[in-house]
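Listing of coords_8.cif, mmCIF, C-alpha atoms
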```cif
data_run
#
loop_
_atom_site.group_PDB
_atom_site.id
_atom_site.type_symbol
_atom_site.label_atom_id
_atom_site.label_comp_id
_atom_site.auth_asym_id
_atom_site.auth_seq_id
_atom_site.Cartn_x
_atom_site.Cartn_y
_atom_site.Cartn_z
ATOM 1 C CA MET A 589 105.885 111.857 156.052
ATOM 2 C CA LEU A 590 102.235 111.863 155.053
ATOM 3 C CA MET A 591 102.681 108.548 153.226
ATOM 4 C CA VAL A 592 104.221 106.932 156.310
ATOM 5 C CA ALA A 593 101.291 108.110 158.423
ATOM 6 C CA ALA A 594 98.843 106.764 155.839
ATOM 7 C CA VAL A 595 100.565 103.358 155.789
ATOM 8 C CA PHE A 596 100.566 103.119 159.583
ATOM 9 C CA SER A 597 96.884 104.068 159.740
ATOM 10 C CA VAL A 598 95.885 101.386 157.201
ATOM 11 C CA LEU A 599 98.224 98.608 158.369
ATOM 12 C CA PRO A 600 96.355 97.515 161.540
ATOM 13 C CA GLY A 601 93.041 97.115 159.710
ATOM 14 C CA LEU A 602 94.725 95.279 156.870
ATOM 15 C CA ALA A 603 96.413 92.898 159.303
ATOM 16 C CA GLN A 604 93.084 92.268 161.038
ATOM 17 C CA TRP A 605 91.332 91.530 157.739
ATOM 18 C CA GLY A 606 94.074 89.594 155.953
ATOM 19 C CA LEU A 607 95.653 87.621 158.800
ATOM 20 C CA LEU A 608 93.917 87.647 162.161
ATOM 21 C CA ARG A 609 90.285 87.201 161.059
ATOM 22 C CA ALA A 610 91.107 85.309 157.861
ATOM 23 C CA VAL A 611 90.087 81.784 156.895
ATOM 24 C CA LEU A 612 92.872 79.817 155.209
ATOM 25 C CA GLY A 613 91.011 76.622 154.342
ATOM 26 C CA SER A 614 88.717 76.154 151.394
ATOM 27 C CA ASP A 615 85.580 75.740 153.520
ATOM 28 C CA ALA A 616 82.631 77.741 152.148
ATOM 29 C CA ASP A 617 80.780 77.853 155.476
ATOM 30 C CA ALA A 618 83.846 79.138 157.335
ATOM 31 C CA CYS A 619 84.369 81.788 154.656
ATOM 32 C CA GLN A 620 80.770 82.971 154.984
ATOM 33 C CA ALA A 621 81.201 83.146 158.761
ATOM 34 C CA ALA A 622 84.404 85.199 158.336
ATOM 35 C CA ARG A 623 82.597 87.810 156.221
ATOM 36 C CA GLU A 624 80.615 89.134 159.175
ATOM 37 C CA PRO A 625 83.577 90.289 161.297
ATOM 38 C CA GLY A 626 85.390 91.386 158.148
ATOM 39 C CA GLY A 627 87.913 88.623 157.522
ATOM 40 C CA ALA A 628 89.509 87.504 154.292
ATOM 41 C CA CYS A 629 88.778 84.145 152.692
ATOM 42 C CA TRP A 630 92.009 82.697 151.328
ATOM 43 C CA GLY A 631 90.394 79.392 150.340
ATOM 44 C CA VAL A 632 90.706 80.056 146.614
ATOM 45 C CA VAL A 633 94.388 80.890 146.988
ATOM 46 C CA THR A 634 95.131 77.763 149.048
ATOM 47 C CA GLU A 635 93.113 75.622 146.658
ATOM 48 C CA LYS A 636 94.428 77.084 143.377
ATOM 49 C CA TRP A 637 97.937 78.267 144.285
ATOM 50 C CA ARG A 638 99.568 76.074 141.651
ATOM 51 C CA VAL A 639 97.441 77.596 138.864
ATOM 52 C CA ILE A 640 98.081 81.094 140.227
ATOM 53 C CA ILE A 641 101.856 80.559 140.275
ATOM 54 C CA PHE A 642 102.423 78.354 137.215
ATOM 55 C CA GLY A 643 99.426 79.031 134.997
ATOM 56 C CA ARG A 644 98.728 76.267 132.516
ATOM 57 C CA TYR A 645 102.175 74.697 132.558
ATOM 58 C CA PRO A 646 101.925 70.920 132.918
ATOM 59 C CA PHE A 647 103.229 69.573 136.212
ATOM 60 C CA GLU A 648 106.320 68.002 134.607
ATOM 61 C CA GLN A 649 107.245 71.368 133.006
ATOM 62 C CA GLN A 650 106.816 73.568 136.089
ATOM 63 C CA TRP A 651 110.546 73.586 136.732
ATOM 64 C CA ARG A 652 110.845 76.031 133.849
ATOM 65 C CA PRO A 653 108.867 78.949 135.341
ATOM 66 C CA GLU A 654 110.482 78.231 138.718
ATOM 67 C CA ILE A 655 114.007 78.650 137.324
ATOM 68 C CA ALA A 656 112.962 81.623 135.173
ATOM 69 C CA THR A 657 111.491 83.375 138.211
ATOM 70 C CA VAL A 658 114.557 82.685 140.360
ATOM 71 C CA LEU A 659 116.805 84.110 137.630
ATOM 72 C CA MET A 660 114.727 87.278 137.315
ATOM 73 C CA VAL A 661 114.533 87.825 141.081
ATOM 74 C CA ALA A 662 118.295 87.296 141.394
ATOM 75 C CA ALA A 663 118.928 89.814 138.597
ATOM 76 C CA VAL A 664 116.659 92.389 140.223
ATOM 77 C CA MET A 665 118.337 91.858 143.602
ATOM 78 C CA ALA A 666 121.791 92.195 142.060
ATOM 79 C CA SER A 667 120.696 95.394 140.331
ATOM 80 C CA CYS A 668 119.567 96.866 143.652
ATOM 81 C CA ILE A 669 123.015 96.473 145.210
ATOM 82 C CA ARG A 670 125.351 99.302 144.260
ATOM 83 C CA TRP A 671 128.431 97.060 144.373
ATOM 84 C CA PHE A 672 127.068 95.174 141.335
ATOM 85 C CA TRP A 673 126.723 98.336 139.226
ATOM 86 C CA LYS A 674 129.490 97.365 136.839
ATOM 87 C CA PRO A 675 129.524 97.123 133.030
ATOM 88 C CA TRP A 676 128.983 93.356 133.216
ATOM 89 C CA LEU A 677 125.566 93.932 134.815
ATOM 90 C CA VAL A 678 124.184 94.794 131.379
ATOM 91 C CA LEU A 679 125.567 91.520 130.006
ATOM 92 C CA MET A 680 124.079 89.647 132.948
ATOM 93 C CA TRP A 681 120.663 91.153 132.209
ATOM 94 C CA ALA A 682 120.949 90.164 128.559
ATOM 95 C CA ALA A 683 121.794 86.588 129.570
ATOM 96 C CA VAL A 684 119.009 86.430 132.182
ATOM 97 C CA LEU A 685 116.406 87.762 129.744
ATOM 98 C CA ALA A 686 117.535 85.335 127.053
ATOM 99 C CA ALA A 687 117.348 82.448 129.533
ATOM 100 C CA PHE A 688 113.971 83.646 130.809
ATOM 101 C CA PHE A 689 112.342 83.777 127.382
ATOM 102 C CA THR A 690 113.973 80.505 126.341
ATOM 103 C CA LEU A 691 112.688 78.718 129.429
ATOM 104 C CA MET A 692 109.212 80.208 129.264
ATOM 105 C CA GLY A 693 108.688 79.859 125.530
ATOM 106 C CA GLY A 694 110.608 76.698 124.743
ATOM 107 C CA GLY A 695 110.978 75.393 121.225
ATOM 108 C CA VAL A 696 114.794 75.241 121.448
ATOM 109 C CA PHE A 697 117.332 73.046 123.224
ATOM 110 C CA GLY A 698 114.814 70.208 123.407
ATOM 111 C CA LEU A 699 112.267 72.221 125.420
ATOM 112 C CA THR A 700 108.656 71.775 124.405
ATOM 113 C CA ARG A 701 107.032 74.898 123.018
ATOM 114 C CA CYS A 702 104.732 76.745 125.427
ATOM 115 C CA ALA A 703 102.931 79.663 123.851
ATOM 116 C CA PRO A 704 100.347 81.678 125.794
ATOM 117 C CA THR A 705 98.224 82.244 122.688
ATOM 118 C CA SER A 706 98.050 78.609 121.649
ATOM 119 C CA GLY A 707 95.031 76.680 122.861
ATOM 120 C CA ALA A 708 97.218 74.054 124.543
ATOM 121 C CA ALA A 709 99.446 74.601 127.535
ATOM 122 C CA CYS A 710 102.619 73.066 126.063
ATOM 123 C CA ARG A 711 102.981 71.043 122.887
#
```
Turn this file's structure into structure tokens for me.
Amino acid sequence: MLMVAAVFSVLPGLAQWGLLRAVLGSDADACQAAREPGGACWGVVTEKWRVIIFGRYPFEQQWRPEIATVLMVAAVMASCIRWFWKPWLVLMWAAVLAAFFTLMGGGVFGLTRCAPTSGAACR
């Protein structure tokens, strides 16, 4: 009950800062003006969203993290529904994890290799 009260006490201020007084464009002057009343500046997020979501994947390879993310989210959602708690759920997770690491890493099935420790994005 205390946690619910804490969330409801913080939520209005967070909504004011993050949504109502926020600046969405990447305009430095508007962001400076939004600091005074206590608004967020989402300019970096709107400007760099592709790098935030996909990292250093080249544009033509960005389908890979998209599909990998959709697979993982679908597996998590299926795991949250009690009706799916069957023995095959373990096999589904094994398949989703194998597909995830194959898509993200590459190097097999004709996918270019993308390693986070290599200096290049994908080679």
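Using all atoms listed in the file for every distance, the candidate list A:Phe689, A:Trp605, A:Phe672, A:Phe697 yields A:Phe689 as the residue closest to A:Met660.
Comparing the minimum interatomic distances between A:Ala603 and each of A:Leu685, A:Ala628, A:Trp676, A:Met591, counting all atoms listed in the file, we find that A:Ala628 sits nearest.
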| Pick from A:Leu607, A:Ile655, A:Ile640, A:Cys619, whichever lies nearest to A:Val684 using only C-alpha atoms |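 For A:Val684, the nearest of the given residues is A:Ile655.
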Would you kindly return, as a PDB file with C-alpha atoms, in the coordinates of the input, each protein, DNA or RNA residue with an atom no farther than 10 Å from any atom of A:Arg638, considering only C-alpha atoms and excluding same-chain residues fewer than 6 positions away?
```
ATOM      1  CA  ARG A 644      98.728  76.267 132.516  1.00  0.00           C
ATOM      2  CA  TYR A 645     102.175  74.697 132.558  1.00  0.00           C
ATOM      3  CA  PHE A 647     103.229  69.573 136.212  1.00  0.00           C
ATOM      4  CA  GLN A 650     106.816  73.568 136.089  1.00  0.00           C
TER       5      GLN A 650
END
```
| task | With the file shown as input, list the residues that the PyMOL selection byres ((chain A and resi 690) around 12) selects, as a VMD selection string. | result | chain A and resid 652 to 653 655 to 656 683 to 689 691 to 703
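Checking A:Cys668, A:Ala662, A:Val639, A:Leu602 one by one against A:Met680, counting only C-alpha atoms, you find the shortest gap at A:Ala662.
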| task | Calculate how many Å separate atom CA of A:Lys674 from atom CA of A:Val661, rounding to one decimal. | result |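 So the two atoms, atom CA of A:Lys674 and atom CA of A:Val661, lie 18.2 Å apart.
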How would chain A look written as a compact mmCIF listing (two decimals), in the first residue's frame with C-alpha atoms?
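The resulting file, decode_20.txt, is shown below:
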```txt
# COMPACT_ATOMS: atom_id res chain seq x y z
CA MET A 589 0.00 0.00 0.00
CA LEU A 590 2.90 2.31 0.76
CA MET A 591 4.38 1.67 -2.69
CA VAL A 592 1.10 2.58 -4.39
CA ALA A 593 0.95 5.83 -2.42
CA ALA A 594 4.56 6.59 -3.36
CA VAL A 595 3.87 5.98 -7.06
CA PHE A 596 0.78 8.20 -7.02
CA SER A 597 2.68 10.98 -5.25
CA VAL A 598 5.53 10.93 -7.81
CA LEU A 599 3.44 10.38 -10.96
CA PRO A 600 1.99 13.91 -11.36
CA GLY A 601 5.41 15.57 -11.13
CA LEU A 602 6.90 13.04 -13.50
CA ALA A 603 4.12 13.64 -16.02
CA GLN A 604 4.65 17.40 -15.75
CA TRP A 605 8.40 17.07 -16.31
CA GLY A 606 8.43 14.33 -18.94
CA LEU A 607 5.35 15.15 -21.01
CA LEU A 608 3.59 18.44 -20.35
CA ARG A 609 6.59 20.77 -20.03
CA ALA A 610 8.88 18.73 -22.29
CA VAL A 611 10.51 19.79 -25.55
CA LEU A 612 10.44 17.07 -28.22
CA GLY A 613 12.44 18.77 -30.96
CA SER A 614 16.20 19.01 -31.11
CA ASP A 615 16.28 22.79 -30.64
CA ALA A 616 18.94 23.88 -28.13
CA ASP A 617 17.26 27.21 -27.35
CA ALA A 618 13.90 25.56 -26.67
CA CYS A 619 15.60 23.02 -24.41
CA GLN A 620 17.30 25.78 -22.42
CA ALA A 621 13.95 27.55 -22.07
CA ALA A 622 12.32 24.32 -20.84
CA ARG A 623 14.89 23.94 -18.04
CA GLU A 624 13.51 26.89 -16.09
CA PRO A 625 10.00 25.50 -15.49
CA GLY A 626 11.46 22.02 -15.07
CA GLY A 627 10.74 20.30 -18.37
CA ALA A 628 12.55 17.46 -20.05
CA CYS A 629 14.52 17.88 -23.27
CA TRP A 630 13.90 14.88 -25.51
CA GLY A 631 15.87 16.35 -28.42
CA VAL A 632 18.69 13.82 -28.12
CA VAL A 633 16.22 10.94 -28.11
CA THR A 634 14.34 12.24 -31.17
CA GLU A 635 17.60 12.96 -32.97
CA LYS A 636 19.43 9.72 -32.08
CA TRP A 637 16.60 7.20 -31.67
CA ARG A 638 17.98 4.90 -34.36
CA VAL A 639 21.36 4.65 -32.60
CA ILE A 640 19.63 4.12 -29.25
CA ILE A 641 17.47 1.29 -30.62
CA PHE A 642 19.81 -0.40 -33.11
CA GLY A 643 23.29 0.55 -31.94
CA ARG A 644 25.92 0.31 -34.64
CA TYR A 645 24.03 -2.03 -36.95
CA PRO A 646 24.15 -0.77 -40.53
CA PHE A 647 20.81 0.39 -41.90
CA GLU A 648 20.47 -2.61 -44.24
CA GLN A 649 21.01 -5.02 -41.30
CA GLN A 650 18.58 -3.42 -38.84
CA TRP A 651 15.92 -6.00 -39.63
CA ARG A 652 17.93 -8.44 -37.53
CA PRO A 653 17.63 -6.69 -34.14
CA GLU A 654 14.00 -5.87 -34.96
CA ILE A 655 13.09 -9.54 -35.45
CA ALA A 656 15.23 -10.62 -32.48
CA THR A 657 13.46 -8.13 -30.23
CA VAL A 658 10.00 -9.16 -31.44
CA LEU A 659 10.85 -12.82 -30.76
CA MET A 660 12.06 -12.08 -27.24
CA VAL A 661 9.05 -9.90 -26.39
CA ALA A 662 6.69 -12.57 -27.74
CA ALA A 663 8.44 -15.24 -25.64
CA VAL A 664 8.21 -13.11 -22.50
CA MET A 665 4.53 -12.38 -23.15
CA ALA A 666 3.80 -16.06 -23.72
CA SER A 667 5.60 -16.91 -20.50
CA CYS A 668 3.42 -14.46 -18.57
CA ILE A 669 0.21 -16.21 -19.62
CA ARG A 670 -0.55 -19.23 -17.47
CA TRP A 671 -2.24 -21.09 -20.34
CA PHE A 672 1.16 -21.32 -22.08
CA TRP A 673 2.85 -22.97 -19.09
CA LYS A 674 3.30 -26.29 -20.83
CA PRO A 675 6.41 -28.44 -21.35
CA TRP A 676 6.84 -27.05 -24.87
CA LEU A 677 7.44 -23.57 -23.42
CA VAL A 678 10.98 -24.64 -22.52
CA LEU A 679 11.55 -25.77 -26.11
CA MET A 680 10.13 -22.49 -27.38
CA TRP A 681 12.57 -20.56 -25.20
CA ALA A 682 15.47 -22.64 -26.48
CA ALA A 683 14.42 -21.92 -30.08
CA VAL A 684 13.88 -18.20 -29.41
CA LEU A 685 17.26 -17.83 -27.70
CA ALA A 686 19.00 -19.71 -30.51
CA ALA A 687 17.29 -17.49 -33.09
CA PHE A 688 18.08 -14.37 -31.06
CA PHE A 689 21.80 -15.07 -30.82
CA THR A 690 21.96 -16.21 -34.44
CA LEU A 691 20.30 -13.02 -35.66
CA MET A 692 22.31 -10.71 -33.43
CA GLY A 693 25.69 -12.35 -33.92
CA GLY A 694 25.47 -13.60 -37.49
CA GLY A 695 28.23 -15.60 -39.09
CA VAL A 696 25.88 -18.45 -40.09
CA PHE A 697 23.14 -18.94 -42.67
CA GLY A 698 24.63 -16.20 -44.84
CA LEU A 699 24.29 -13.50 -42.16
CA THR A 700 27.21 -11.13 -41.85
CA ARG A 701 29.05 -11.35 -38.55
CA CYS A 702 28.26 -8.58 -36.06
CA ALA A 703 30.36 -8.72 -32.93
CA PRO A 704 30.10 -6.03 -30.24
CA THR A 705 33.81 -6.26 -29.43
CA SER A 706 35.02 -5.89 -33.00
CA GLY A 707 35.90 -2.38 -34.10
CA ALA A 708 33.46 -2.54 -37.02
CA ALA A 709 29.70 -2.72 -36.78
CA CYS A 710 29.21 -5.71 -39.10
CA ARG A 711 31.75 -7.35 -41.38
```
